[in-house]
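Q: Below is the file input12.cif, which contains mmCIF, C-alpha atoms.
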```
data_my_file
#
loop_
_atom_site.label_atom_id
_atom_site.label_comp_id
_atom_site.auth_asym_id
_atom_site.auth_seq_id
_atom_site.Cartn_x
_atom_site.Cartn_y
_atom_site.Cartn_z
CA GLU J 6 0.65 157.18 -7.98
CA LYS J 7 0.13 158.15 -4.35
CA ASP J 8 -2.85 160.28 -5.35
CA LEU J 9 -4.35 157.37 -7.30
CA SER J 10 -3.93 155.04 -4.33
CA LYS J 11 -5.50 157.62 -1.99
CA THR J 12 -8.42 158.08 -4.39
CA ALA J 13 -9.09 154.34 -4.48
CA GLN J 14 -8.92 154.12 -0.68
CA ALA J 15 -11.19 157.16 -0.28
CA LEU J 16 -13.80 155.53 -2.53
CA LYS J 17 -13.74 152.41 -0.37
CA ASP J 18 -14.13 154.51 2.79
CA PHE J 19 -17.01 156.52 1.27
CA ASN J 20 -18.71 153.26 0.26
CA ASN J 21 -18.47 151.92 3.81
CA GLU J 22 -20.00 155.16 5.10
CA GLY J 23 -22.89 154.99 2.59
CA LEU J 24 -22.09 158.28 0.87
CA PRO J 25 -22.84 159.35 -2.72
CA VAL J 26 -19.77 160.47 -4.66
CA MET J 27 -19.24 163.42 -7.00
CA ILE J 28 -16.25 163.25 -9.37
CA PHE J 29 -15.19 166.38 -11.26
CA ALA J 30 -13.52 164.90 -14.33
CA ASN J 31 -10.86 167.07 -15.97
CA TRP J 32 -8.06 164.68 -16.90
CA ARG J 33 -6.01 164.13 -20.02
CA GLY J 34 -5.05 160.49 -19.51
CA PHE J 35 -1.53 159.18 -19.09
CA SER J 36 1.37 158.98 -21.51
CA GLY J 37 2.03 155.25 -21.25
CA GLY J 38 5.76 155.98 -21.19
CA SER J 39 8.43 154.43 -19.01
CA ARG J 40 7.82 156.94 -16.21
CA ASP J 41 4.14 156.05 -15.95
CA MET J 42 4.87 152.35 -16.17
CA SER J 43 7.53 152.48 -13.47
CA GLY J 44 5.13 154.49 -11.32
CA GLU J 45 2.55 151.68 -11.70
CA ILE J 46 -0.09 154.05 -13.02
CA LEU J 47 -2.04 151.17 -14.57
CA LYS J 48 -2.01 149.24 -11.31
CA PHE J 49 -3.36 152.11 -9.24
CA GLY J 50 -5.82 153.09 -11.97
CA SER J 51 -7.23 149.57 -11.84
CA MET J 52 -7.67 149.97 -8.07
CA ILE J 53 -9.95 152.96 -8.74
CA VAL J 54 -11.91 150.89 -11.29
CA ASP J 55 -12.34 148.09 -8.73
CA ALA J 56 -13.52 150.57 -6.08
CA LEU J 57 -16.06 152.08 -8.50
CA ARG J 58 -17.26 148.63 -9.61
CA GLU J 59 -17.96 147.65 -6.01
CA TYR J 60 -19.53 150.97 -5.02
CA GLU J 61 -23.08 150.57 -3.71
CA HIS J 62 -24.21 154.22 -3.71
CA PRO J 63 -24.77 156.89 -6.39
CA ILE J 64 -21.71 158.15 -8.27
CA TYR J 65 -21.86 161.28 -10.44
CA ILE J 66 -19.13 162.15 -12.94
CA TYR J 67 -19.28 165.77 -14.06
CA PHE J 68 -17.20 167.58 -16.70
CA PRO J 69 -16.75 171.18 -15.48
CA PRO J 70 -16.73 174.16 -17.90
CA PHE J 71 -13.86 173.88 -20.41
CA GLY J 72 -12.83 170.61 -18.77
CA GLU J 73 -11.75 167.57 -20.78
CA LEU J 74 -11.79 163.84 -20.17
CA ARG J 75 -9.44 161.93 -22.45
CA GLY J 76 -7.71 158.62 -23.05
CA GLY J 77 -7.13 156.24 -20.18
CA SER J 78 -8.79 158.64 -17.74
CA TRP J 79 -12.14 158.05 -19.45
CA VAL J 80 -11.67 154.30 -19.11
CA VAL J 81 -11.18 154.65 -15.34
CA VAL J 82 -14.50 156.48 -14.76
CA ASP J 83 -16.67 155.14 -17.59
CA PRO J 84 -20.24 154.52 -16.31
CA THR J 85 -20.30 151.02 -17.81
CA ILE J 86 -18.06 150.00 -14.87
CA ASN J 87 -21.12 150.19 -12.60
CA GLU J 88 -24.16 151.11 -14.67
CA GLU J 89 -26.62 150.90 -11.76
CA LYS J 90 -24.80 153.53 -9.71
CA MET J 91 -22.65 155.63 -12.08
CA THR J 92 -24.00 158.48 -14.18
CA MET J 93 -22.07 160.97 -16.32
CA PHE J 94 -22.95 164.64 -16.88
CA SER J 95 -21.26 167.56 -18.61
CA ASP J 96 -21.26 171.34 -18.77
CA PRO J 97 -22.13 172.53 -22.32
CA GLU J 98 -18.61 173.97 -22.70
CA ALA J 99 -16.77 170.77 -21.74
CA ARG J 100 -15.25 168.17 -24.04
CA GLY J 101 -14.86 164.41 -23.88
CA GLY J 102 -13.41 161.64 -26.02
CA ILE J 103 -10.62 159.09 -26.11
CA LEU J 104 -8.54 161.07 -28.63
CA GLU J 105 -8.16 164.83 -28.89
CA PRO J 106 -9.27 166.46 -32.18
CA ALA J 107 -5.71 166.78 -33.48
CA GLY J 108 -5.16 163.08 -32.85
CA ILE J 109 -8.36 162.09 -34.65
CA VAL J 110 -7.33 164.18 -37.68
CA GLU J 111 -3.93 162.46 -37.71
CA ILE J 112 -5.70 159.10 -38.03
CA LYS J 113 -8.95 159.79 -39.87
CA PHE J 114 -8.05 162.69 -42.17
CA ARG J 115 -4.41 162.42 -43.15
CA LEU J 116 -2.67 164.57 -45.75
CA ALA J 117 -3.63 162.26 -48.63
CA ASP J 118 -7.30 162.53 -47.61
CA GLN J 119 -7.00 166.30 -47.30
CA LEU J 120 -5.54 166.55 -50.83
CA LYS J 121 -8.40 164.45 -52.21
CA ALA J 122 -10.91 166.76 -50.52
CA MET J 123 -9.16 169.83 -51.94
CA HIS J 124 -9.31 168.47 -55.50
CA ARG J 125 -12.98 167.58 -54.98
CA ILE J 126 -14.08 170.93 -53.54
CA ASP J 127 -11.75 173.80 -54.49
CA PRO J 128 -12.78 175.53 -57.79
CA GLN J 129 -9.23 176.56 -58.68
CA LEU J 130 -7.85 173.06 -58.23
CA LEU J 131 -10.76 171.62 -60.23
CA ALA J 132 -9.95 174.06 -63.05
CA LEU J 133 -6.23 173.24 -62.91
CA ASP J 134 -6.96 169.49 -62.95
CA THR J 135 -9.15 169.97 -66.01
CA GLU J 136 -6.45 172.07 -67.66
CA LEU J 137 -3.81 169.46 -66.88
CA GLU J 138 -5.92 166.67 -68.36
CA GLY J 139 -6.38 168.74 -71.53
CA THR J 140 -2.66 169.27 -72.17
CA ASP J 141 -0.75 167.21 -74.68
CA ASP J 142 1.63 164.63 -73.22
CA THR J 143 4.40 166.06 -75.35
CA ASP J 144 4.00 169.53 -73.88
CA LYS J 145 6.09 168.90 -70.78
CA THR J 146 6.63 172.58 -70.07
CA SER J 147 2.91 173.34 -69.77
CA GLN J 148 2.36 170.26 -67.61
CA GLU J 149 5.17 171.19 -65.23
CA ASP J 150 3.82 174.74 -64.99
CA ILE J 151 0.29 173.51 -64.12
CA LYS J 152 1.67 171.00 -61.59
CA GLU J 153 3.60 173.80 -59.91
CA GLN J 154 0.39 175.86 -59.68
CA ILE J 155 -1.43 172.85 -58.23
CA ALA J 156 1.31 172.27 -55.65
CA ALA J 157 1.30 175.96 -54.68
CA ARG J 158 -2.48 175.93 -54.30
CA GLU J 159 -2.33 172.78 -52.18
CA GLU J 160 0.25 174.36 -49.87
CA LEU J 161 -1.97 177.41 -49.51
CA LEU J 162 -5.02 175.31 -48.63
CA LYS J 163 -3.35 172.84 -46.24
CA PRO J 164 -3.66 175.02 -43.09
CA VAL J 165 -7.28 175.86 -43.92
CA TYR J 166 -8.31 172.23 -44.43
CA LEU J 167 -6.39 171.12 -41.35
CA GLN J 168 -8.15 173.75 -39.26
CA ALA J 169 -11.56 172.79 -40.68
CA ALA J 170 -10.88 169.10 -40.06
CA THR J 171 -9.78 169.79 -36.48
CA GLU J 172 -12.88 171.88 -35.83
CA PHE J 173 -15.08 169.12 -37.30
CA ALA J 174 -13.39 166.53 -35.06
CA ASP J 175 -13.88 168.83 -32.07
CA LEU J 176 -17.63 168.92 -32.76
CA HIS J 177 -17.75 165.18 -32.01
CA ASP J 178 -16.36 165.84 -28.53
CA LYS J 179 -18.92 168.47 -27.51
CA THR J 180 -21.64 167.91 -24.93
CA GLY J 181 -24.48 167.72 -27.45
CA ARG J 182 -22.77 164.94 -29.37
CA MET J 183 -21.88 163.06 -26.17
CA LYS J 184 -25.53 163.13 -25.12
CA ALA J 185 -26.68 162.02 -28.59
CA LYS J 186 -24.32 159.04 -28.37
CA GLY J 187 -25.60 158.19 -24.90
CA VAL J 188 -22.27 158.51 -23.06
CA ILE J 189 -23.64 161.26 -20.79
CA LYS J 190 -27.12 161.48 -19.34
CA GLU J 191 -27.63 165.24 -19.36
CA ALA J 192 -26.00 168.58 -20.13
CA VAL J 193 -25.92 170.55 -16.88
CA PRO J 194 -24.65 174.15 -17.01
CA TRP J 195 -22.22 175.01 -14.22
CA ALA J 196 -24.48 177.82 -12.95
CA GLU J 197 -27.31 175.32 -12.39
CA SER J 198 -25.22 172.35 -11.28
CA ARG J 199 -25.41 172.92 -7.50
CA LYS J 200 -29.21 172.87 -7.46
CA TYR J 201 -29.42 170.06 -10.02
CA PHE J 202 -27.12 167.67 -8.16
CA PHE J 203 -28.63 168.55 -4.78
CA TYR J 204 -32.04 167.31 -5.85
CA LEU J 205 -30.59 164.45 -7.89
CA ALA J 206 -28.61 163.16 -4.91
CA LYS J 207 -31.63 163.33 -2.58
CA ARG J 208 -33.79 161.65 -5.19
CA ARG J 209 -31.31 158.83 -5.78
CA ILE J 210 -30.90 158.14 -2.07
CA ALA J 211 -34.68 157.78 -1.66
CA GLN J 212 -35.04 155.91 -4.95
CA ASP J 213 -32.26 153.42 -4.20
CA SER J 214 -33.86 152.73 -0.83
CA TYR J 215 -37.14 151.80 -2.53
CA VAL J 216 -35.31 149.67 -5.10
CA ALA J 217 -33.45 147.81 -2.34
CA GLN J 218 -36.74 147.15 -0.52
CA LEU J 219 -38.36 145.86 -3.71
CA LYS J 220 -35.44 143.53 -4.46
CA ALA J 221 -35.55 142.26 -0.89
CA ALA J 222 -39.30 141.68 -1.17
CA ASP J 223 -38.98 139.76 -4.45
CA SER J 224 -35.63 138.12 -5.16
CA SER J 225 -36.53 137.69 -8.84
CA LEU J 226 -36.32 141.46 -9.41
CA ASP J 227 -33.17 143.11 -10.69
CA TYR J 228 -32.37 146.82 -10.47
CA ALA J 229 -34.00 147.72 -13.79
CA SER J 230 -37.26 145.86 -13.11
CA ALA J 231 -37.53 147.27 -9.58
CA LEU J 232 -36.95 150.78 -10.92
CA ALA J 233 -39.60 150.19 -13.58
CA ILE J 234 -42.18 149.43 -10.86
CA ILE J 235 -41.43 152.75 -9.16
CA SER J 236 -41.46 154.57 -12.48
CA ASP J 237 -44.89 153.16 -13.33
CA MET J 238 -46.22 154.44 -10.02
CA CYS J 239 -44.80 157.94 -10.53
CA THR J 240 -47.39 160.53 -11.55
CA VAL J 241 -44.94 163.40 -12.29
CA ASP J 242 -42.26 164.03 -14.90
CA TRP J 243 -39.71 161.26 -14.33
CA ASP J 244 -36.86 163.51 -15.52
CA ASP J 245 -37.69 166.29 -13.03
CA ASN J 246 -35.64 165.41 -9.94
CA GLU J 247 -37.34 167.94 -7.67
CA ALA J 248 -40.83 166.80 -8.70
CA VAL J 249 -39.96 163.11 -8.29
CA LEU J 250 -38.48 163.81 -4.86
CA ASP J 251 -41.72 165.54 -3.82
CA PHE J 252 -43.66 162.56 -5.19
CA TYR J 253 -41.59 160.15 -3.08
CA ALA J 254 -42.22 162.27 0.03
CA SER J 255 -45.98 162.51 -0.54
CA SER J 256 -46.45 158.92 -1.72
CA ASP J 257 -44.22 157.07 0.73
CA ASP J 258 -47.19 155.18 2.25
CA THR J 259 -48.45 154.16 -1.19
CA ILE J 260 -45.04 152.92 -2.30
CA SER J 261 -44.52 151.06 0.99
CA ALA J 262 -47.93 149.40 0.57
CA GLU J 263 -46.97 148.31 -2.94
CA ILE J 264 -43.73 146.82 -1.61
CA SER J 265 -45.69 144.93 1.08
CA GLN J 266 -48.12 143.55 -1.51
CA LEU J 267 -45.22 142.47 -3.70
CA LYS J 268 -43.56 140.75 -0.75
CA THR J 269 -46.79 138.92 0.11
CA ALA J 270 -47.24 137.81 -3.51
CA SER J 271 -43.64 136.64 -3.66
CA ILE J 272 -43.98 134.58 -0.48
CA LYS J 273 -47.23 133.02 -1.75
CA ALA J 274 -45.52 132.11 -5.01
CA GLN J 275 -42.67 130.48 -3.11
CA ILE J 276 -45.09 128.49 -0.96
CA GLU J 277 -47.02 127.33 -4.02
CA ALA J 278 -43.76 126.30 -5.69
CA LEU J 279 -42.74 124.31 -2.61
CA GLN J 280 -46.15 122.61 -2.38
CA LYS J 281 -45.96 121.67 -6.05
CA GLU J 282 -42.47 120.31 -5.54
CA LEU J 283 -43.56 118.23 -2.52
CA ALA J 284 -46.55 116.88 -4.40
CA GLU J 285 -44.26 115.58 -7.13
#
```
Mind converting the file's structure to structure tokens?

A:
Amino acid sequence: EKDLSKTAQALKDFNNEGLPVMIFANWRGFSGGSRDMSGEILKFGSMIVDALREYEHPIYIYFPPFGELRGGSWVVVDPTINEEKMTMFSDPEARGGILEPAGIVEIKFRLADQLKAMHRIDPQLLALDTELEGTDDTDKTSQEDIKEQIAAREELLKPVYLQAATEFADLHDKTGRMKAKGVIKEAVPWAESRKYFFYLAKRRIAQDSYVAQLKAADSSLDYASALAIISDMCTVDWDDNEAVLDFYASSDDTISAEISQLKTASIKAQIEALQKELAE
């Protein structure tokens, strides 16, 4: 709990100093047991959420290679807490999800479901089921013998189906699936991460400065609309951080002129609105 409290305080200090934050997420959540409750894990976790929600500078959450983000830990750093500032990334070998694969299988693909799948797919079980249906109800000996064969086959297949189900559940936690679902922005290999986040951080600092100037120039703009204005002006690949950063450096005068024009137009609109109001 002391670490959680220190983390929350550090985030507040970083925010006051105007620093971007990089969080390497490799946590498995908390147990929710009496020890965690007595340690006020939820209380201190909520302090981190509050600090992230109030953060005014870029925050990057990155899953390192073979790292995992699970359970309540995901809730604490989910980008929806502060969508304007928080972005999530992952190494291709990392995993993420509320439940671990074994837990998903326990809920979504229980033994009864596994047995149904066996009888739908396995040729031997299909043949035994057909044979059992074809026996006479009076021939109890044959029926018991077939049922024993079915039970033995099911026992043999249980580990295989459990392993396949666990692997299938694990596929949903991989980086490609996380990106497809929109919970992470990009897959960033560890070997390329230093360069990637260097340019991303510099780009976001410059970009957020322009956004703040646009919002100050026209109070009707929100973050998304201000960013759209900058994006429309950009003449390079918007997803290439290095290229966009170079564009900002070479086009600073053009962007500043656009901000000045927007400010002038906003002031004129306010004056016209006031004149119309006075005339009424």

Q: Given the file above and the PyMOL selection byres ((chain J and resi 120) around 12), which residues are selected, and can you give them as a short mmCIF file (atom, residue, chain, number, x, y, z; two decimals) with C-alpha atoms, in the frame of the given file?

A:
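Saved file result_7.cif follows:
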```cif
data_model
loop_
_atom_site.label_atom_id
_atom_site.label_comp_id
_atom_site.auth_asym_id
_atom_site.auth_seq_id
_atom_site.Cartn_x
_atom_site.Cartn_y
_atom_site.Cartn_z
CA PHE J 114 -8.05 162.69 -42.17
CA ARG J 115 -4.41 162.42 -43.15
CA LEU J 116 -2.67 164.57 -45.75
CA ALA J 117 -3.63 162.26 -48.63
CA ASP J 118 -7.30 162.53 -47.61
CA GLN J 119 -7.00 166.30 -47.30
CA LYS J 121 -8.40 164.45 -52.21
CA ALA J 122 -10.91 166.76 -50.52
CA MET J 123 -9.16 169.83 -51.94
CA HIS J 124 -9.31 168.47 -55.50
CA ARG J 125 -12.98 167.58 -54.98
CA ILE J 126 -14.08 170.93 -53.54
CA ASP J 127 -11.75 173.80 -54.49
CA LEU J 130 -7.85 173.06 -58.23
CA LEU J 131 -10.76 171.62 -60.23
CA ILE J 155 -1.43 172.85 -58.23
CA ALA J 156 1.31 172.27 -55.65
CA ARG J 158 -2.48 175.93 -54.30
CA GLU J 159 -2.33 172.78 -52.18
CA GLU J 160 0.25 174.36 -49.87
CA LEU J 161 -1.97 177.41 -49.51
CA LEU J 162 -5.02 175.31 -48.63
CA LYS J 163 -3.35 172.84 -46.24
CA PRO J 164 -3.66 175.02 -43.09
CA VAL J 165 -7.28 175.86 -43.92
CA TYR J 166 -8.31 172.23 -44.43
CA LEU J 167 -6.39 171.12 -41.35
#
```

Q: Expanded to explicit residues, what is the PyMOL selection byres ((chain J and resi 10-18) around 7) for this file, as a list in words?

A: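 Listing what the PyMOL selection byres ((chain J and resi 10-18) around 7) selects in the shown file: Glu6, Lys7, Asp8, Leu9, Phe19, Asn20, Asn21, Glu22, Phe49, Met52, Ile53 and Ala56 of chain J.
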
Q: Please provide the set of residues having any atom within 8 Å of Val249 in chain J, restricted to all atoms listed in the file, with same-chain residues fewer than 6 positions apart removed, written as a VMD selection string.

A: chain J and resid 208 239 241 to 243

Q: From the set J:Gln129, J:Thr140, J:Ser78, J:Ser147, which residue has the shortest atom-to-atom contact distance to Leu47 in chain J, counting all atoms listed in the file?

A: J:Ser78

Q: CA of Val188 in chain J and CA of Lys220 in chain J, how far apart in Å?

A: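 It comes out at 27.3 Å.
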
Q: Please measure the separation of CA of Trp79 in chain J and CA of Phe173 in chain J, giving the value in Å to one decimal.

A: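 Result for CA of Trp79 in chain J versus CA of Phe173 in chain J: 21.2 Å, one decimal.
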
Q: Show me, as lines of an AutoDock Vina configuration file, the centre and edge lengths in Å to one decimal of the axis-aligned box that covers every listed atom of range 88-96 of chain J with 8 Å on each side.

A:
```
center_x = -23.9
center_y = 161.1
center_z = -14.2
size_x = 21.4
size_y = 36.4
size_z = 25.1
```

Q: Could you work out how far CA of Glu73 in chain J lies from CA of Arg100 in chain J, giving the answer in Å with one decimal?

A: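 A separation of 4.8 Å between them.
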
Q: Would you write out, as a ChimeraX atom specification, every residue that the PyMOL selection byres ((chain J and resi 212) around 12) captures in this file?

A: /J:62-63,89-90,204-211,213-219,228,231-236,239,243,246,249-254,257,260

Q: Neighbours of range 195-199 of chain J within 10 Å (only C-alpha atoms; same-chain residues fewer than 2 positions away dropped), as a ChimeraX atom specification?

A: /J:67-70,94-98,192-193,201-205

Q: When distances are computed from all atoms listed in the file, which of J:Ala132, J:Leu283, J:Ala157, J:Ile64 shows the smallest separation from Glu88 in chain J?

A: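 Ranked by minimum distance to Glu88 in chain J, first place goes to J:Ile64.
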
Q: Please determine, counting only C-alpha atoms, which residue among J:Arg75, J:Lys268, J:Lys281, J:Lys113 has the shortest atom-to-atom distance to Gly101 in chain J.

A: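 Nearest to Gly101 in chain J: J:Arg75.
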
Q: Considering all atoms listed in the file, return as a ChimeraX atom specification whatever protein or nucleic-acid residues lie within 8 Å of Arg58 in chain J, sequence-local ones (same chain, fewer than 4 positions apart) excluded.

A: /J:54,86-87

Q: Smallest atom-to-atom distance to Glu153 in chain J: which of J:Ala174, J:Leu133, J:Ala222, J:Ala169, using all atoms listed in the file?

A: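 Residue with the minimum atom-to-atom distance to Glu153 in chain J: J:Leu133.
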
Q: I'd like to know which of J:Ala262, J:Ile46, J:Met91, J:Ala248 is closest to Met27 in chain J, using all atoms listed in the file.

A: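 Using all atoms listed in the file, the shortest distance to Met27 in chain J belongs to J:Met91.
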
Q: Return the single residue from J:Phe71, J:Trp32, J:Tyr60, J:Tyr65 that is closest to Ile189 in chain J, with distances computed using all atoms listed in the file.

A: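 Closest candidate: J:Tyr65.
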